[in-house]
Amino acid sequence: MPNRLAAETSPYLLQHAGNPVDWFPWGEEALELARRLDRPILLSIGYSACHWCHVMAHESFEDQDFANEMNRHFVNIKVDREERPDLDQIYQTAHQVLTRRPGGWPLTVFLMPDGMPFFAGTYFPKVPRSGMPSFRDLLERIARAYLEKRSEIDQQNASLAQILQRTTPTHARAGELDRAPIDAAANELARAFDDEHGGIGGPPKFPHPAELAFCLRRQVLDGDDVAGAVATLTLTRMAEGGIYDQLGGGFCRYSTDRFWTIPHFEKMLYDNGPLLALYSDAWLATREPLYEKVVRETAAWMIREMQSPEGGYYSSVDADSEGAEGKFYVWTPDEVQKLLNGDEYAVIAPHFGLDGPPNFEGHYWHLRIAAPLDEIAVQLGISREEADLRLESARTQLLAARSQRIRPGCDDKVLTSWNALTIKGMARAARVFDCAAWLDSTRRALDFIRQKLWRNGRLLATYRDGRSHLNAYLDDHAFLLDALLELMQTDFRAEDLELACAIADVMLEQFEDRASGGFYFVSHDHERLVQRPKSGHDGATPSGNGVAAQALQRLGHIAGEPRYLDAAERTIRVFRDSMSASASAHATLVTALEEALAPPQVVVLRGAASELCSWQRQLARAYRPNTLVFAIPDGMRGLPPTLDKRAASAVNVSAWVCTGVTCLPPVVELAQLEQILASDRPPA
């Protein structure tokens with residue numbers, strides 16, 4: 001018989017709707033029951049693409065005996081961390097405090113009826129192994145401790161509450177802002193860099209798009225070649241590795257090894273959106289063909305497999321299919337040979353390592369670039385062009401064959417924050433590579449958010465099966481504002497600027513810490529939880545406070561609105577100590593600091609729509625991270641003064657270069673404009 005999760009929209013919760021565990025979704029019904037029965041809460045947090053979440057579910061939550069123990073002693077609550085990142089933030093932090101170890105998923109936390117955690121862990125096995133107790137033993141010990149050691153638990157909880165409170169910065173340091181955190185972040189990332197195989201830190205290796213984007217900026221703006229190498233070597237090794245889907249495009253969540261060979265096979269929207277923007281920028285900076293290939297293949301995958309008919313982008317693709325991780329993606333040489341002719345196999349086998357030993361579980365081959373195509377062409381005595389043709393034919397056939405396999409599950413809910421990250425990435429890629437199909441995809445996603453998730457001047461966080469719900473979080477607002485600023489540089493619409501200002505106003509009204517600065521993760525009218533997070537560090541996604549600060553600064557400059565600039569400065573100031581302590585963990589905020597010290601140039605192009613395109617297309621071919629370009633057709637009204645310029649009647653296009661509130665005289669020659677931008681000459 002289905003439990004209470006059957007009425008939820010989350011695919012992860014629905015995966016557990018048939019468990020014998022009497023699961024509740026997070027809500028007042030479950031919390032009130034725990035208070036009334038004086039029973040501890042067993043909180044299990046995961047997500048639908050999580051491999052170890054599936055393992056624990058099969059081992060324990062689907063077992064009637066385990067369920068009987070859970071139902072007898074606990075009020076059991078299941079949470080999708082993607083729908084409730086507020087709860088996930090709080091209880092991941094609590095896990096780190098209680099265990100002095102990083103968390104992960106599944107996250108298993110035992111709470112008092114008031115929601116305060118008193119024991120935490122991640123995956124627990126069905127039987128004891130590797131030093132971990134069995135989940136059954138743990139249930140018995142926790143139930144007994146709750147009855148017999150309440151005073152000790154209460155004392156621990158009082159200390160934990162104070163520690164959680166101290167994680168929220170409240171002191172905004174006065175004094176002049178300086179670039180010390182910028183230099184510190186670059187140095188820290190250089191020290192953590194694997195200069196042989198790329199990547200920041202050791203395995204498991206994550207993409208770190210915020211940090212790599214920061215490094216790419218350093219090379220262009222500061223001439224820091226070491227920082228440039230951190231970005232470009234990492235991006236190259238990732239694109240050559242198994243973390244990248246060599247047949248279908250798109251990146252998996254992380255690599256389990258130093259060499260980027262074997263990934264954790266789930267594909268997350270929040271990785272691939274930012275990586276589209278990053279690889280587009282890296283192509284502009286280097287003209288490396290591999291980066292363009294990655295962008296084109298990943299954008300095609302995004303539209304083909306991740307965009308719903310309604311326009312929104314789905315959340316993730318599972319790591320597992322047919323009960324095994326990675327089964328959808330791996331091959332044997334015999335399988336491949338049967339699909340290809342001899343000439344094709346002669347190219348693809350050495351290129352993807354099929355002529356070497358298996359690299360996955362001792363029996364299978366996961367494709368990665370093992371030998372350059374140039375070398376293979378020489379060995380075979382064929383031209384590089386012929387090698388390319390054979391490889392592309394082979395890839396097409398393998399992708400078609402793979403599409404006939406049983407696919408991993410797709411989490412088809414639409415999250416505002418992750419869609420915003422992807423809108424930004426697709427809009428950047430569309431502008432850099434002048435691709436109308438990608439722009440159309442971006443437009444459909446934004447229009448979906450506007451229609452389904454923007455209600456009565458407030459954002460909602462998630463949508464599935466015709467139902468939009470849950471108050472949106474800081475990340476939803478900050479990422480969407482940032483995406484709108486990006487999209488307006490690709491295709492300016494006045495209604496997007498209007499929405500951007502509305503989103504910024506909601507952030508200031510509902511999320512800002514007006515006393516100390518910065519933004520809380522949840523709104524002022526959100527339900528009361530045991531902590532109200534206000535974090536500045538980057539994680540798997542960029543910092544909401546960092547994105548908010550940078551986007552508000554940019555919007556403040558183009559809209560001429562001091563409130564946005566002031567809020568951004570307060571945010572930077574309240575996190576100054578955090579940036580000083582660990583600059584590289586705050587790469588997004590450090591970038592916002594950089595733009596506070598040296599505001600970006602704003603280029604305004606006005607003229608006939610037909611003539612603006614060639615100017616905009618040409619300007620988009622250079623990587624200028626500190627320059628914003630808005631091409632606005634004549635006749636558009638209701639714009640702020642910074643953008644409301646009038647093109648000279650005798651010319652097709654006029655351009656203004658502005659920094660802050662000061663603009664150079666209009667320029668009517670594209671070559672002259674490019675010369676000004678190349679010189680980084682500020683307005684006099």
# chains A, B, ... in the order shown; residues from 1 in each chain; ligands from 1
call {"tool": "residues_around", "arguments": {"residues": "stretch 509-525 of chain A", "least_positions_apart": "4", "cutoff": "8 Å", "atoms": "only C-alpha atoms", "output": "JSON, numbers by chain"}}
result
{"A": [86, 170, 171, 172, 472, 473, 474, 475, 505, 532, 533, 534, 535, 544, 545, 567, 568, 570, 571, 572, 573, 574, 575]}
call {"tool": "write_last_selection", "arguments": {"atoms": "C-alpha atoms", "output": "mmCIF file, in the first residue's frame"}}
result
data_model
loop_
_atom_site.group_PDB
_atom_site.id
_atom_site.type_symbol
_atom_site.label_atom_id
_atom_site.label_comp_id
_atom_site.auth_asym_id
_atom_site.auth_seq_id
_atom_site.Cartn_x
_atom_site.Cartn_y
_atom_site.Cartn_z
ATOM 1 C CA ASP A 86 17.387 24.553 2.723
ATOM 2 C CA THR A 170 26.993 39.000 11.124
ATOM 3 C CA HIS A 171 29.928 41.419 11.146
ATOM 4 C CA ALA A 172 30.484 43.591 8.069
ATOM 5 C CA ALA A 472 11.958 29.745 -4.115
ATOM 6 C CA TYR A 473 15.333 30.118 -2.418
ATOM 7 C CA LEU A 474 18.128 32.658 -2.766
ATOM 8 C CA ASP A 475 19.809 30.580 -5.480
ATOM 9 C CA ASP A 505 13.602 43.784 -5.696
ATOM 10 C CA ARG A 532 18.622 30.153 8.771
ATOM 11 C CA PRO A 533 21.688 29.653 6.545
ATOM 12 C CA LYS A 534 23.627 32.549 5.062
ATOM 13 C CA SER A 535 26.585 31.080 3.244
ATOM 14 C CA GLY A 544 24.051 32.341 -4.067
ATOM 15 C CA ASN A 545 25.500 35.308 -2.225
ATOM 16 C CA ALA A 567 23.242 45.711 -1.335
ATOM 17 C CA ALA A 568 26.061 44.108 -3.329
ATOM 18 C CA ARG A 570 27.111 45.044 1.950
ATOM 19 C CA THR A 571 27.224 41.413 0.833
ATOM 20 C CA ILE A 572 30.897 41.587 -0.074
ATOM 21 C CA ARG A 573 31.746 43.284 3.211
ATOM 22 C CA VAL A 574 29.950 40.775 5.437
ATOM 23 C CA PHE A 575 31.898 37.922 3.822
#
call {"tool": "residues_around", "arguments": {"residues": "A:Ile182", "least_positions_apart": "2", "cutoff": "8 Å", "atoms": "only C-alpha atoms", "output": "ChimeraX atom specification"}}
result
/A:179-180,184-186,583,590-591,594
call {"tool": "write_last_selection", "arguments": {"atoms": "N, CA and C atoms", "output": "PDB file, in the first residue's frame"}}
result
ATOM      1  N   ARG A 179      42.260  43.993  -3.236  1.00  0.00           N
ATOM      2  CA  ARG A 179      42.286  42.803  -4.069  1.00  0.00           C
ATOM      3  C   ARG A 179      43.046  41.645  -3.428  1.00  0.00           C
ATOM      4  N   ALA A 180      43.365  41.731  -2.153  1.00  0.00           N
ATOM      5  CA  ALA A 180      44.105  40.648  -1.507  1.00  0.00           C
ATOM      6  C   ALA A 180      43.411  39.291  -1.680  1.00  0.00           C
ATOM      7  N   ALA A 184      44.996  35.891  -3.359  1.00  0.00           N
ATOM      8  CA  ALA A 184      45.051  34.706  -2.502  1.00  0.00           C
ATOM      9  C   ALA A 184      44.330  33.531  -3.146  1.00  0.00           C
ATOM     10  N   ALA A 185      43.176  33.786  -3.736  1.00  0.00           N
ATOM     11  CA  ALA A 185      42.423  32.706  -4.378  1.00  0.00           C
ATOM     12  C   ALA A 185      43.216  32.100  -5.524  1.00  0.00           C
ATOM     13  N   ALA A 186      43.845  32.936  -6.346  1.00  0.00           N
ATOM     14  CA  ALA A 186      44.651  32.426  -7.457  1.00  0.00           C
ATOM     15  C   ALA A 186      45.805  31.567  -6.937  1.00  0.00           C
ATOM     16  N   ALA A 583      40.040  32.042   0.461  1.00  0.00           N
ATOM     17  CA  ALA A 583      39.614  32.803  -0.714  1.00  0.00           C
ATOM     18  C   ALA A 583      39.144  31.905  -1.842  1.00  0.00           C
ATOM     19  N   VAL A 590      34.674  36.351  -4.668  1.00  0.00           N
ATOM     20  CA  VAL A 590      35.907  37.070  -4.978  1.00  0.00           C
ATOM     21  C   VAL A 590      35.784  37.764  -6.336  1.00  0.00           C
ATOM     22  N   THR A 591      35.109  37.126  -7.279  1.00  0.00           N
ATOM     23  CA  THR A 591      34.864  37.770  -8.576  1.00  0.00           C
ATOM     24  C   THR A 591      33.961  38.984  -8.409  1.00  0.00           C
ATOM     25  N   GLU A 594      36.093  41.699  -7.187  1.00  0.00           N
ATOM     26  CA  GLU A 594      36.891  42.267  -8.275  1.00  0.00           C
ATOM     27  C   GLU A 594      36.087  43.298  -9.061  1.00  0.00           C
TER      28      GLU A 594
END
call {"tool": "residues_around", "arguments": {"residues": "A:Pro358", "least_positions_apart": "3", "cutoff": "12 Å", "atoms": "only C-alpha atoms", "output": "PyMOL selection string"}}
result
chain A and resi 261-262+330-333+352-355+361-368
call {"tool": "atom_distance", "arguments": {"atom1": "atom CA of A:Leu233", "atom2": "atom CA of A:Ala190"}}
result
12.1 Å
call {"tool": "select_by_dssp", "arguments": {"residues": "stretch 101-293 of chain A", "states": "alpha helix (DSSP H)", "output": "PyMOL selection string"}}
result
chain A and resi 135-148+150-166+180-192+209-222+225-240+269-286+289-293
call {"tool": "closest_residue", "arguments": {"among": "A:Ser584, A:Ser614, A:Ser48, A:Asn3", "to": "A:Asp411", "atoms": "only C-alpha atoms"}}
result
A:Ser48
call {"tool": "atom_distance", "arguments": {"atom1": "atom CA of A:Ala620", "atom2": "atom CA of A:Gly248"}}
result
27.1 Å
call {"tool": "residues_around", "arguments": {"residues": "A:Ala6", "least_positions_apart": "6", "cutoff": "8 Å", "atoms": "only C-alpha atoms", "output": "mmCIF file with C-alpha atoms, in the first residue's frame"}}
result
data_model
loop_
_atom_site.group_PDB
_atom_site.id
_atom_site.type_symbol
_atom_site.label_atom_id
_atom_site.label_comp_id
_atom_site.auth_asym_id
_atom_site.auth_seq_id
_atom_site.Cartn_x
_atom_site.Cartn_y
_atom_site.Cartn_z
ATOM 1 C CA LEU A 13 10.062 10.696 -3.094
ATOM 2 C CA LEU A 14 7.884 8.745 -5.505
ATOM 3 C CA ALA A 17 6.138 5.657 -2.161
ATOM 4 C CA GLY A 18 5.851 1.874 -2.219
#
call {"tool": "closest_residue", "arguments": {"among": "A:Ile558, A:Cys663, A:Ala478, A:Ala678", "to": "A:Pro640", "atoms": "only C-alpha atoms"}}
result
A:Ile558
call {"tool": "atom_distance", "arguments": {"atom1": "atom CA of A:Ala551", "atom2": "atom CA of A:Tyr564"}}
result
8.9 Å
call {"tool": "residues_around", "arguments": {"residues": "A:Asp178", "least_positions_apart": "6", "cutoff": "10 Å", "atoms": "only C-alpha atoms", "output": "PyMOL selection string"}}
result
chain A and resi 593-594+596-597
call {"tool": "write_last_selection", "arguments": {"atoms": "N, CA and C atoms", "output": "compact mmCIF listing (two decimals), in the first residue's frame"}}
result
# COMPACT_ATOMS: atom_id res chain seq x y z
N LEU A 593 33.87 40.81 -5.74
CA LEU A 593 34.77 41.81 -5.16
C LEU A 593 35.59 42.49 -6.25
N GLU A 594 36.09 41.70 -7.19
CA GLU A 594 36.89 42.27 -8.28
C GLU A 594 36.09 43.30 -9.06
N ALA A 596 33.57 44.97 -7.92
CA ALA A 596 33.33 46.13 -7.07
C ALA A 596 34.51 47.10 -7.13
N LEU A 597 35.72 46.54 -7.21
CA LEU A 597 36.91 47.38 -7.28
C LEU A 597 37.09 48.00 -8.66
call {"tool": "residues_around", "arguments": {"residues": "stretch 320-326 of chain A", "least_positions_apart": "6", "cutoff": "8 Å", "atoms": "only C-alpha atoms", "output": "JSON, numbers by chain"}}
result
{"A": [49, 51, 264, 265, 266, 406, 407, 408, 409]}
call {"tool": "residues_around", "arguments": {"residues": "A:Leu31", "least_positions_apart": "4", "cutoff": "8 Å", "atoms": "only C-alpha atoms", "output": "mmCIF file with C-alpha atoms, in the first residue's frame"}}
result
data_model
loop_
_atom_site.group_PDB
_atom_site.id
_atom_site.type_symbol
_atom_site.label_atom_id
_atom_site.label_comp_id
_atom_site.auth_asym_id
_atom_site.auth_seq_id
_atom_site.Cartn_x
_atom_site.Cartn_y
_atom_site.Cartn_z
ATOM 1 C CA TRP A 26 8.739 17.131 5.413
ATOM 2 C CA GLY A 27 5.874 19.154 6.807
ATOM 3 C CA ARG A 35 5.994 16.218 19.165
ATOM 4 C CA PRO A 113 10.876 16.437 17.695
ATOM 5 C CA ASP A 114 11.797 20.139 17.406
ATOM 6 C CA GLY A 115 14.072 19.358 14.438
#
call {"tool": "closest_residue", "arguments": {"among": "A:Ile142, A:Val55, A:Ala427, A:Leu399", "to": "A:Leu278", "atoms": "only C-alpha atoms"}}
result
A:Ala427
call {"tool": "closest_residue", "arguments": {"among": "A:Ala655, A:Leu275, A:Ile243, A:Ala34", "to": "A:Pro263", "atoms": "only C-alpha atoms"}}
result
A:Ile243
call {"tool": "select_by_dssp", "arguments": {"residues": "stretch 341-554 of chain A", "states": "strand (DSSP E)", "output": "PyMOL selection string"}}
result
chain A and resi 410-411+414-415+454-455+458-464+467-471
call {"tool": "write_last_selection", "arguments": {"atoms": "N, CA and C atoms", "output": "compact mmCIF listing (two decimals), in the first residue's frame"}}
result
# COMPACT_ATOMS: atom_id res chain seq x y z
N CYS A 410 15.41 9.38 -15.66
CA CYS A 410 15.56 10.83 -15.75
C CYS A 410 14.68 11.48 -14.70
N ASP A 411 15.27 12.33 -13.88
CA ASP A 411 14.48 13.11 -12.93
C ASP A 411 13.92 14.30 -13.69
N VAL A 414 11.47 20.21 -12.88
CA VAL A 414 12.12 21.41 -13.38
C VAL A 414 12.40 22.32 -12.20
N LEU A 415 13.67 22.55 -11.91
CA LEU A 415 14.08 23.41 -10.80
C LEU A 415 14.46 24.78 -11.33
N TRP A 454 6.73 31.89 -11.94
CA TRP A 454 6.69 33.28 -11.49
C TRP A 454 5.23 33.63 -11.26
N ARG A 455 4.82 33.66 -9.99
CA ARG A 455 3.41 33.83 -9.65
C ARG A 455 3.22 35.03 -8.73
N ARG A 458 6.24 36.55 -7.14
CA ARG A 458 7.13 35.69 -6.35
C ARG A 458 7.50 34.46 -7.17
N LEU A 459 8.71 33.97 -6.94
CA LEU A 459 9.19 32.77 -7.61
C LEU A 459 8.82 31.53 -6.82
N LEU A 460 8.60 30.44 -7.54
CA LEU A 460 8.48 29.11 -6.95
C LEU A 460 9.69 28.29 -7.36
N ALA A 461 9.97 27.24 -6.60
CA ALA A 461 11.24 26.53 -6.75
C ALA A 461 11.19 25.37 -7.72
N THR A 462 10.04 24.70 -7.86
CA THR A 462 10.04 23.44 -8.59
C THR A 462 8.71 23.21 -9.30
N TYR A 463 8.79 22.45 -10.40
CA TYR A 463 7.59 22.15 -11.20
C TYR A 463 7.70 20.71 -11.70
N ARG A 464 6.55 20.02 -11.65
CA ARG A 464 6.45 18.71 -12.28
C ARG A 464 4.98 18.34 -12.43
N ARG A 467 2.28 20.92 -11.74
CA ARG A 467 2.20 21.49 -10.39
C ARG A 467 3.48 22.25 -10.06
N SER A 468 3.34 23.53 -9.76
CA SER A 468 4.45 24.37 -9.30
C SER A 468 4.27 24.60 -7.80
N HIS A 469 5.35 24.47 -7.03
CA HIS A 469 5.20 24.68 -5.59
C HIS A 469 6.55 24.92 -4.94
N LEU A 470 6.52 25.19 -3.65
CA LEU A 470 7.64 25.48 -2.77
C LEU A 470 8.19 26.88 -3.01
N ASN A 471 8.31 27.64 -1.93
CA ASN A 471 8.92 28.96 -2.01
C ASN A 471 10.31 28.85 -2.60
